[in-house]
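Here is the file work.csv (CSV, C-alpha atoms).
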chain,number,residue,atom,x,y,z
O,149,MET,CA,84.0,79.2,103.8
O,150,PRO,CA,87.6,80.4,103.6
O,151,VAL,CA,89.6,83.1,105.4
O,152,LYS,CA,89.3,86.6,103.9
O,153,VAL,CA,92.4,88.8,103.7
O,154,MET,CA,91.7,92.5,103.4
O,155,ILE,CA,94.3,94.3,101.2
O,156,PRO,CA,95.0,97.9,102.2
O,157,SER,CA,94.9,100.6,99.4
O,158,PRO,CA,98.7,101.1,99.1
O,159,LEU,CA,99.2,97.4,98.4
O,160,ARG,CA,96.3,96.9,95.9
O,161,PRO,CA,98.4,97.8,92.9
O,162,TYR,CA,100.5,94.7,93.7
O,163,ALA,CA,97.4,92.5,94.1
O,164,GLY,CA,95.6,93.0,90.8
O,165,LYS,CA,93.8,96.1,92.3
O,166,ARG,CA,91.8,93.8,94.5
O,167,ASP,CA,90.7,94.9,97.9
O,168,SER,CA,90.5,91.4,99.4
O,169,ALA,CA,91.4,87.8,98.6
O,170,GLU,CA,90.2,84.5,100.1
O,171,PHE,CA,92.2,81.5,101.0
O,172,SER,CA,91.8,78.2,102.8
O,173,ALA,CA,94.3,78.5,105.7
O,174,ARG,CA,94.7,77.1,109.2
O,175,THR,CA,96.9,79.9,110.5
O,176,VAL,CA,97.6,83.6,109.8
O,177,GLY,CA,101.0,82.7,108.4
O,178,GLU,CA,99.5,80.2,106.0
O,179,ALA,CA,97.0,82.8,104.8
O,180,LEU,CA,99.8,85.4,104.3
O,181,GLY,CA,101.8,82.7,102.6
O,182,HIS,CA,99.0,82.1,100.1
O,183,LEU,CA,98.5,85.8,99.6
O,184,THR,CA,102.2,86.5,98.8
O,185,THR,CA,102.4,83.4,96.6
O,186,GLU,CA,99.5,84.5,94.5
O,187,PHE,CA,100.7,88.1,94.5
O,188,ALA,CA,104.5,87.8,94.7
O,189,ASP,CA,105.1,91.6,94.3
O,190,LEU,CA,103.3,92.1,97.7
O,191,ARG,CA,105.9,90.1,99.6
O,192,LYS,CA,108.6,92.7,100.0
O,193,HIS,CA,106.2,95.2,101.4
O,194,LEU,CA,105.0,92.9,104.1
O,195,PHE,CA,108.1,90.8,104.9
O,196,THR,CA,111.8,91.6,105.3
O,197,ASP,CA,114.4,89.8,103.2
O,198,GLU,CA,114.8,87.4,106.1
O,199,GLY,CA,111.1,86.5,105.8
O,200,LYS,CA,110.0,88.3,109.0
O,201,LEU,CA,106.9,90.4,109.1
O,202,ARG,CA,108.1,94.1,108.8
O,203,SER,CA,108.0,95.8,112.2
O,204,PHE,CA,105.5,98.5,111.1
O,205,VAL,CA,103.1,95.9,109.6
O,206,ASN,CA,100.3,94.9,112.0
O,207,VAL,CA,98.1,92.0,111.3
O,208,TYR,CA,94.7,91.5,112.9
O,209,VAL,CA,92.4,88.5,112.9
O,210,ASN,CA,89.0,90.0,113.1
O,211,ASP,CA,89.7,92.7,115.7
O,212,GLU,CA,92.6,91.1,117.5
O,213,ASP,CA,96.3,92.0,117.0
O,214,ILE,CA,98.2,88.7,116.3
O,215,ARG,CA,101.1,90.1,118.4
O,216,TYR,CA,99.0,89.4,121.4
O,217,LEU,CA,97.9,86.0,120.1
O,218,ALA,CA,100.2,83.5,118.6
O,219,LYS,CA,101.7,85.8,116.0
O,220,GLU,CA,101.9,84.1,112.6
O,221,ASN,CA,100.9,80.8,114.2
O,222,THR,CA,97.6,82.3,115.3
O,223,PRO,CA,95.0,79.8,114.2
O,224,THR,CA,92.3,80.9,111.8
O,225,LYS,CA,88.9,79.4,111.1
O,226,ASP,CA,86.5,79.7,108.2
O,227,GLY,CA,84.9,83.1,108.0
O,228,ASP,CA,87.7,84.9,109.8
O,229,THR,CA,88.9,88.3,108.4
O,230,ILE,CA,92.5,89.1,108.4
O,231,SER,CA,93.4,92.9,108.2
O,232,ILE,CA,96.8,94.3,107.4
O,233,ILE,CA,97.3,97.8,109.0
O,234,PRO,CA,100.5,99.8,108.9
O,235,SER,CA,101.8,101.8,111.8
O,236,ILE,CA,103.3,104.8,110.4
O,237,ALA,CA,106.8,105.8,111.5
O,238,GLY,CA,109.7,107.8,110.4
O,239,GLY,CA,112.1,110.5,111.3
O,240,VAL,CA,115.5,112.0,110.8
O,241,ARG,CA,118.7,110.1,111.4
O,242,ALA,CA,119.5,109.7,115.1
C,131,MET,CA,105.5,107.6,79.8
C,132,PRO,CA,103.7,108.7,82.9
C,133,ASP,CA,104.3,112.1,84.3
C,134,GLU,CA,105.9,112.6,87.7
C,135,PRO,CA,103.1,112.5,90.2
C,136,THR,CA,101.8,115.7,91.5
C,137,LEU,CA,100.2,116.5,94.8
C,138,TRP,CA,97.6,119.3,94.9
C,139,ILE,CA,97.1,121.0,98.2
C,140,SER,CA,95.5,124.3,99.2
C,141,GLY,CA,97.7,127.0,100.6
C,142,HIS,CA,95.6,126.9,103.7
C,143,LEU,CA,96.3,123.2,104.4
C,144,ALA,CA,100.0,123.6,103.5
C,145,GLU,CA,100.1,126.3,106.1
C,146,LYS,CA,98.5,124.1,108.7
C,147,ILE,CA,101.2,121.4,108.2
C,148,ARG,CA,103.9,124.1,108.7
C,149,ALA,CA,102.1,125.4,111.7
C,150,HIS,CA,101.8,121.9,113.2
C,151,GLY,CA,105.6,121.5,112.7
C,152,VAL,CA,106.2,124.8,114.5
C,153,GLN,CA,103.8,123.9,117.3
C,154,THR,CA,105.6,120.6,118.2
C,155,TYR,CA,109.1,121.9,117.6
C,156,PRO,CA,111.7,120.7,118.6
C,157,HIS,CA,109.7,117.4,118.4
C,158,GLU,CA,108.4,115.9,115.3
C,159,CYS,CA,104.8,116.4,114.3
C,160,CYS,CA,102.8,113.9,112.2
C,161,GLY,CA,99.4,113.5,110.7
C,162,ALA,CA,97.4,111.9,107.9
C,163,LEU,CA,96.6,113.3,104.5
C,164,LEU,CA,93.0,112.8,103.4
C,165,GLY,CA,92.1,113.1,99.8
C,166,ARG,CA,91.7,111.3,96.6
C,167,ASP,CA,93.5,110.4,93.3
C,168,SER,CA,92.1,112.4,90.5
C,169,ASN,CA,92.8,109.7,87.9
C,170,ALA,CA,90.1,107.6,89.3
C,171,ALA,CA,87.6,110.4,89.1
C,172,PHE,CA,88.5,111.3,85.6
C,173,ASP,CA,89.2,108.0,84.0
C,174,SER,CA,85.9,107.9,82.2
C,175,ASP,CA,86.5,111.3,80.6
C,176,ARG,CA,90.0,110.3,79.3
C,177,GLU,CA,89.8,107.0,77.7
C,178,LYS,CA,93.1,107.3,75.9
C,179,GLY,CA,96.4,109.0,76.3
C,180,ALA,CA,98.6,109.8,79.3
C,181,LEU,CA,96.8,110.7,82.4
C,182,THR,CA,98.3,113.4,84.6
C,183,ALA,CA,98.8,111.6,87.8
C,184,ALA,CA,97.4,114.1,90.4
C,185,ARG,CA,96.4,113.5,93.9
C,186,GLU,CA,94.3,116.0,95.8
C,187,ILE,CA,94.7,116.6,99.6
C,188,LEU,CA,91.4,117.9,100.9
C,189,GLN,CA,91.7,117.4,104.7
C,190,LEU,CA,94.3,116.9,107.3
C,191,PHE,CA,94.0,114.6,110.3
C,192,PRO,CA,96.7,115.7,112.8
C,193,LEU,CA,98.0,112.9,115.1
C,194,VAL,CA,99.9,112.7,118.3
C,195,ASN,CA,103.5,111.6,118.0
C,196,ARG,CA,103.5,108.4,120.1
C,197,ARG,CA,107.3,108.3,120.4
C,198,ASP,CA,108.0,109.7,123.8
C,199,ASP,CA,111.5,108.2,124.0
C,200,SER,CA,112.9,110.1,121.1
C,201,PRO,CA,110.3,112.5,119.7
C,202,ARG,CA,113.0,114.9,118.4
C,203,ASN,CA,114.0,112.6,115.7
C,204,ARG,CA,111.3,110.0,115.4
C,205,PHE,CA,107.6,109.8,115.0
C,206,SER,CA,105.3,107.0,115.3
C,207,VAL,CA,101.6,106.5,114.6
C,208,THR,CA,99.9,103.4,116.0
C,209,ALA,CA,97.7,101.1,114.0
C,210,GLU,CA,94.8,102.4,116.1
C,211,ASP,CA,95.6,105.9,114.9
C,212,VAL,CA,95.7,104.7,111.3
C,213,LEU,CA,92.3,103.1,111.7
C,214,ALA,CA,90.9,106.4,113.2
C,215,ALA,CA,92.4,108.4,110.3
C,216,GLU,CA,90.8,105.9,107.8
C,217,LYS,CA,87.5,106.1,109.5
C,218,ALA,CA,87.6,109.9,109.4
C,219,ALA,CA,88.5,109.8,105.7
C,220,ARG,CA,85.6,107.4,104.9
C,221,GLU,CA,83.1,109.6,106.7
C,222,GLN,CA,84.0,112.3,104.3
C,223,GLY,CA,84.1,110.2,101.2
C,224,LEU,CA,87.9,110.4,101.1
C,225,GLU,CA,90.9,108.1,101.6
C,226,VAL,CA,94.1,108.3,103.6
C,227,VAL,CA,96.4,108.9,100.7
C,228,GLY,CA,99.5,109.7,102.7
C,229,TRP,CA,101.2,111.1,105.8
C,230,TYR,CA,103.0,114.2,106.8
C,231,HIS,CA,105.7,114.7,109.4
C,232,SER,CA,108.4,117.3,110.3
C,233,HIS,CA,112.1,117.1,110.4
C,234,PRO,CA,113.2,119.5,113.2
C,235,ASP,CA,116.6,121.1,112.3
C,236,HIS,CA,117.0,118.7,109.4
C,237,PRO,CA,116.4,119.1,105.7
C,238,ALA,CA,113.0,118.0,104.2
C,239,ARG,CA,114.5,114.8,102.8
C,240,PRO,CA,113.5,111.3,103.7
C,241,SER,CA,115.9,109.3,105.9
C,242,GLU,CA,116.8,105.7,105.7
C,243,TYR,CA,114.5,105.2,108.7
C,244,ASP,CA,111.7,106.8,106.7
C,245,ARG,CA,112.3,104.4,103.8
C,246,ASP,CA,112.4,101.3,106.1
C,247,HIS,CA,109.0,102.2,107.4
C,248,ALA,CA,107.2,103.2,104.3
C,249,TRP,CA,104.8,101.7,101.7
C,250,PRO,CA,104.6,102.7,98.1
C,251,TRP,CA,101.5,104.6,96.9
C,252,TYR,CA,101.3,106.7,100.0
C,253,SER,CA,102.5,110.3,99.7
C,254,TYR,CA,104.9,111.3,102.4
C,255,ILE,CA,105.1,115.1,103.0
C,256,ILE,CA,108.1,116.3,105.0
C,257,VAL,CA,108.4,119.8,106.3
C,258,SER,CA,111.7,121.0,107.6
C,259,VAL,CA,111.6,123.2,110.7
C,260,GLN,CA,114.8,125.1,111.5
C,261,ASN,CA,115.2,126.8,114.8
C,262,GLY,CA,111.4,126.8,115.2
C,263,ALA,CA,110.7,128.3,111.8
C,264,PRO,CA,109.2,126.3,108.9
C,265,GLN,CA,111.3,125.9,105.8
C,266,ASN,CA,111.0,123.6,102.8
C,267,MET,CA,108.1,121.3,102.3
C,268,THR,CA,108.6,118.3,100.0
C,269,SER,CA,106.6,115.2,99.1
C,270,TRP,CA,107.9,111.7,98.3
C,271,ARG,CA,106.6,108.3,97.2
C,272,LEU,CA,108.5,105.1,97.8
C,273,ASN,CA,109.5,103.2,94.7
C,274,ASP,CA,108.1,99.7,94.0
C,275,ASP,CA,111.4,98.1,94.7
C,276,ARG,CA,111.7,99.9,98.1
C,277,ALA,CA,115.2,101.0,97.2
C,278,GLU,CA,114.5,104.7,97.3
C,279,PHE,CA,111.9,107.5,97.3
C,280,SER,CA,111.0,109.5,94.3
C,281,PRO,CA,110.1,113.2,94.7
C,282,GLU,CA,106.5,114.2,94.1
C,283,GLY,CA,105.7,117.7,93.0
C,284,ILE,CA,103.6,119.8,95.3
C,285,GLU,CA,101.2,122.2,93.6
C,286,ILE,CA,99.6,124.8,95.8
C,287,ARG,CA,96.1,125.5,94.6
C,288,HIS,CA,93.7,128.1,95.9
C,289,ARG,CA,91.0,125.4,95.9
C,290,ALA,CA,91.6,121.8,95.0
C,291,ALA,CA,89.2,120.6,92.3
C,292,VAL,CA,86.6,118.3,93.9

Would you encode the structure as structure tokens?
Amino acid sequence: MPVKVMIPSPLRPYAGKRDSAEFSARTVGEALGHLTTEFADLRKHLFTDEGKLRSFVNVYVNDEDIRYLAKENTPTKDGDTISIIPSIAGGVRA
Amino acid sequence: MPDEPTLWISGHLAEKIRAHGVQTYPHECCGALLGRDSNAAFDSDREKGALTAAREILQLFPLVNRRDDSPRNRFSVTAEDVLAAEKAAREQGLEVVGWYHSHPDHPARPSEYDRDHAWPWYSYIIVSVQNGAPQNMTSWRLNDDRAEFSPEGIEIRHRAAV
């Protein structure tokens, strides 16, 4: 049983309108790599040009924020669900 | 050629956004826009031809600005707040279709910082609050290439079609 990646509504137009996708992956980074390889248009909304996860993009394995685990090296096992949740930020120029 | 997207909102809810901006002035206010895209609802009735891309805002979910270091020119909503807003939307058969925030003493135009922290598809309403009084309200959507926002028309309706 692979890892399931839930795709949030704003990103579904870049993922063939799908709300989830499944991949065989040993880590979160690997799963996100598969996701953004299959749906290349998603990539820039998740990662910076330097390939780092954007600061406002939060990734959870089941209910755990990967920031408090091993970030993108967080291991995944079959049946895990990965969620991508934005934290919303903005404001006028400082 | 698709029309420019339009946001439908009742005068009452538009007023609530302005009031929130006044209440938190000189700090930024923020909240979620709960609603739905009308295209999805009407797709079956309009098999062909250009659809008018309209999005209805039916509820607001005001949030607390988590930025206590620079709340006058920044706002921040945690992932937990986002999940709470999504849950509230689901319970009402709606979706989180966007976010609103205020620009105290600045125009209702998105900043570079706004652009860096946005996703396409969401509607971003900005209300300008000058000297404590609400001014312009605008809405924006980030373009696919993330290079800039496009304006989204706001149409005030007495009662949004459900």

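Taking atom CA of Ala173 of chain O and atom CA of Pro150 of chain O as the two end points, the separation is 7.3 Å.
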
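Reported to one decimal place, the separation of atom CA of Trp270 of chain C from atom CA of Thr136 of chain C is 10.0 Å.
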
Q: Within 9 Å of chain C, which residues of chain O are there when counting all atoms listed in the file? Please give them as a PyMOL selection string.
A: chain O and resi 157-159+161+189+192-193+202-206+233-242

Q: Take atom CA of Glu220 of chain O and atom CA of Phe279 of chain C and report the distance between them in Å, one decimal.
A: 29.7 Å

**Q.** Spatial neighbours of Glu212 of chain O, max dist 10 Å, only C-alpha atoms, sep filter under 5 positions, as a PyMOL selection string
**A.** chain O and resi 207+217+230-231

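Around the point (93.3, 80.0, 114.6), within 12 Å and counting all atoms listed in the file, we find these residues: Val151, Ala173, Arg174, Thr175, Val176, Gly177, Glu178, Ala179, Tyr208, Val209, Asn210, Glu212, Ile214, Leu217, Ala218, Lys219, Glu220, Asn221, Thr222, Pro223, Thr224, Lys225, Asp226, Gly227, Asp228, Thr229 and Ile230 of chain O.
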
Could those selected residues go to a file with C-alpha atoms, as a PDB file, keeping the file's coordinate frame?
ATOM      1  CA  VAL O 151      89.600  83.100 105.400  1.00  0.00           C
ATOM      2  CA  ALA O 173      94.300  78.500 105.700  1.00  0.00           C
ATOM      3  CA  ARG O 174      94.700  77.100 109.200  1.00  0.00           C
ATOM      4  CA  THR O 175      96.900  79.900 110.500  1.00  0.00           C
ATOM      5  CA  VAL O 176      97.600  83.600 109.800  1.00  0.00           C
ATOM      6  CA  GLY O 177     101.000  82.700 108.400  1.00  0.00           C
ATOM      7  CA  GLU O 178      99.500  80.200 106.000  1.00  0.00           C
ATOM      8  CA  ALA O 179      97.000  82.800 104.800  1.00  0.00           C
ATOM      9  CA  TYR O 208      94.700  91.500 112.900  1.00  0.00           C
ATOM     10  CA  VAL O 209      92.400  88.500 112.900  1.00  0.00           C
ATOM     11  CA  ASN O 210      89.000  90.000 113.100  1.00  0.00           C
ATOM     12  CA  GLU O 212      92.600  91.100 117.500  1.00  0.00           C
ATOM     13  CA  ILE O 214      98.200  88.700 116.300  1.00  0.00           C
ATOM     14  CA  LEU O 217      97.900  86.000 120.100  1.00  0.00           C
ATOM     15  CA  ALA O 218     100.200  83.500 118.600  1.00  0.00           C
ATOM     16  CA  LYS O 219     101.700  85.800 116.000  1.00  0.00           C
ATOM     17  CA  GLU O 220     101.900  84.100 112.600  1.00  0.00           C
ATOM     18  CA  ASN O 221     100.900  80.800 114.200  1.00  0.00           C
ATOM     19  CA  THR O 222      97.600  82.300 115.300  1.00  0.00           C
ATOM     20  CA  PRO O 223      95.000  79.800 114.200  1.00  0.00           C
ATOM     21  CA  THR O 224      92.300  80.900 111.800  1.00  0.00           C
ATOM     22  CA  LYS O 225      88.900  79.400 111.100  1.00  0.00           C
ATOM     23  CA  ASP O 226      86.500  79.700 108.200  1.00  0.00           C
ATOM     24  CA  GLY O 227      84.900  83.100 108.000  1.00  0.00           C
ATOM     25  CA  ASP O 228      87.700  84.900 109.800  1.00  0.00           C
ATOM     26  CA  THR O 229      88.900  88.300 108.400  1.00  0.00           C
ATOM     27  CA  ILE O 230      92.500  89.100 108.400  1.00  0.00           C
TER      28      ILE O 230
END

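Among the candidates C:Leu190, C:Ile286, C:Val257, C:Glu278, the one nearest to Val152 of chain C when counting only C-alpha atoms is C:Val257.
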
With the input short on atoms, add N, CA and C atoms back to segment 204-216 of chain C and write it as a PDB file, keeping the file's coordinate frame.
ATOM      1  N   ARG C 204     112.133 111.094 115.832  1.00  0.00           N
ATOM      2  CA  ARG C 204     111.300 110.000 115.400  1.00  0.00           C
ATOM      3  C   ARG C 204     109.852 110.331 115.550  1.00  0.00           C
ATOM      4  N   PHE C 205     109.028 109.760 114.707  1.00  0.00           N
ATOM      5  CA  PHE C 205     107.600 109.800 115.000  1.00  0.00           C
ATOM      6  C   PHE C 205     107.005 108.474 114.766  1.00  0.00           C
ATOM      7  N   SER C 206     105.900 108.250 115.418  1.00  0.00           N
ATOM      8  CA  SER C 206     105.300 107.000 115.300  1.00  0.00           C
ATOM      9  C   SER C 206     103.748 107.133 115.454  1.00  0.00           C
ATOM     10  N   VAL C 207     103.026 106.470 114.591  1.00  0.00           N
ATOM     11  CA  VAL C 207     101.600 106.500 114.600  1.00  0.00           C
ATOM     12  C   VAL C 207     101.107 105.059 114.732  1.00  0.00           C
ATOM     13  N   THR C 208     100.317 104.785 115.743  1.00  0.00           N
ATOM     14  CA  THR C 208      99.900 103.400 116.000  1.00  0.00           C
ATOM     15  C   THR C 208      98.875 102.938 114.955  1.00  0.00           C
ATOM     16  N   ALA C 209      98.692 101.618 114.911  1.00  0.00           N
ATOM     17  CA  ALA C 209      97.700 101.100 114.000  1.00  0.00           C
ATOM     18  C   ALA C 209      96.297 101.609 114.363  1.00  0.00           C
ATOM     19  N   GLU C 210      96.065 101.861 115.657  1.00  0.00           N
ATOM     20  CA  GLU C 210      94.800 102.400 116.100  1.00  0.00           C
ATOM     21  C   GLU C 210      94.573 103.811 115.506  1.00  0.00           C
ATOM     22  N   ASP C 211      95.659 104.603 115.506  1.00  0.00           N
ATOM     23  CA  ASP C 211      95.600 105.900 114.900  1.00  0.00           C
ATOM     24  C   ASP C 211      95.313 105.852 113.413  1.00  0.00           C
ATOM     25  N   VAL C 212      95.945 104.876 112.778  1.00  0.00           N
ATOM     26  CA  VAL C 212      95.700 104.700 111.300  1.00  0.00           C
ATOM     27  C   VAL C 212      94.276 104.372 111.058  1.00  0.00           C
ATOM     28  N   LEU C 213      93.711 103.488 111.890  1.00  0.00           N
ATOM     29  CA  LEU C 213      92.300 103.100 111.700  1.00  0.00           C
ATOM     30  C   LEU C 213      91.394 104.338 111.947  1.00  0.00           C
ATOM     31  N   ALA C 214      91.739 105.170 112.943  1.00  0.00           N
ATOM     32  CA  ALA C 214      90.900 106.400 113.200  1.00  0.00           C
ATOM     33  C   ALA C 214      91.004 107.335 112.028  1.00  0.00           C
ATOM     34  N   ALA C 215      92.199 107.470 111.439  1.00  0.00           N
ATOM     35  CA  ALA C 215      92.400 108.400 110.300  1.00  0.00           C
ATOM     36  C   ALA C 215      91.556 107.803 109.092  1.00  0.00           C
ATOM     37  N   GLU C 216      91.580 106.496 108.919  1.00  0.00           N
ATOM     38  CA  GLU C 216      90.800 105.900 107.800  1.00  0.00           C
ATOM     39  C   GLU C 216      89.334 106.068 107.983  1.00  0.00           C
TER      40      GLU C 216
END
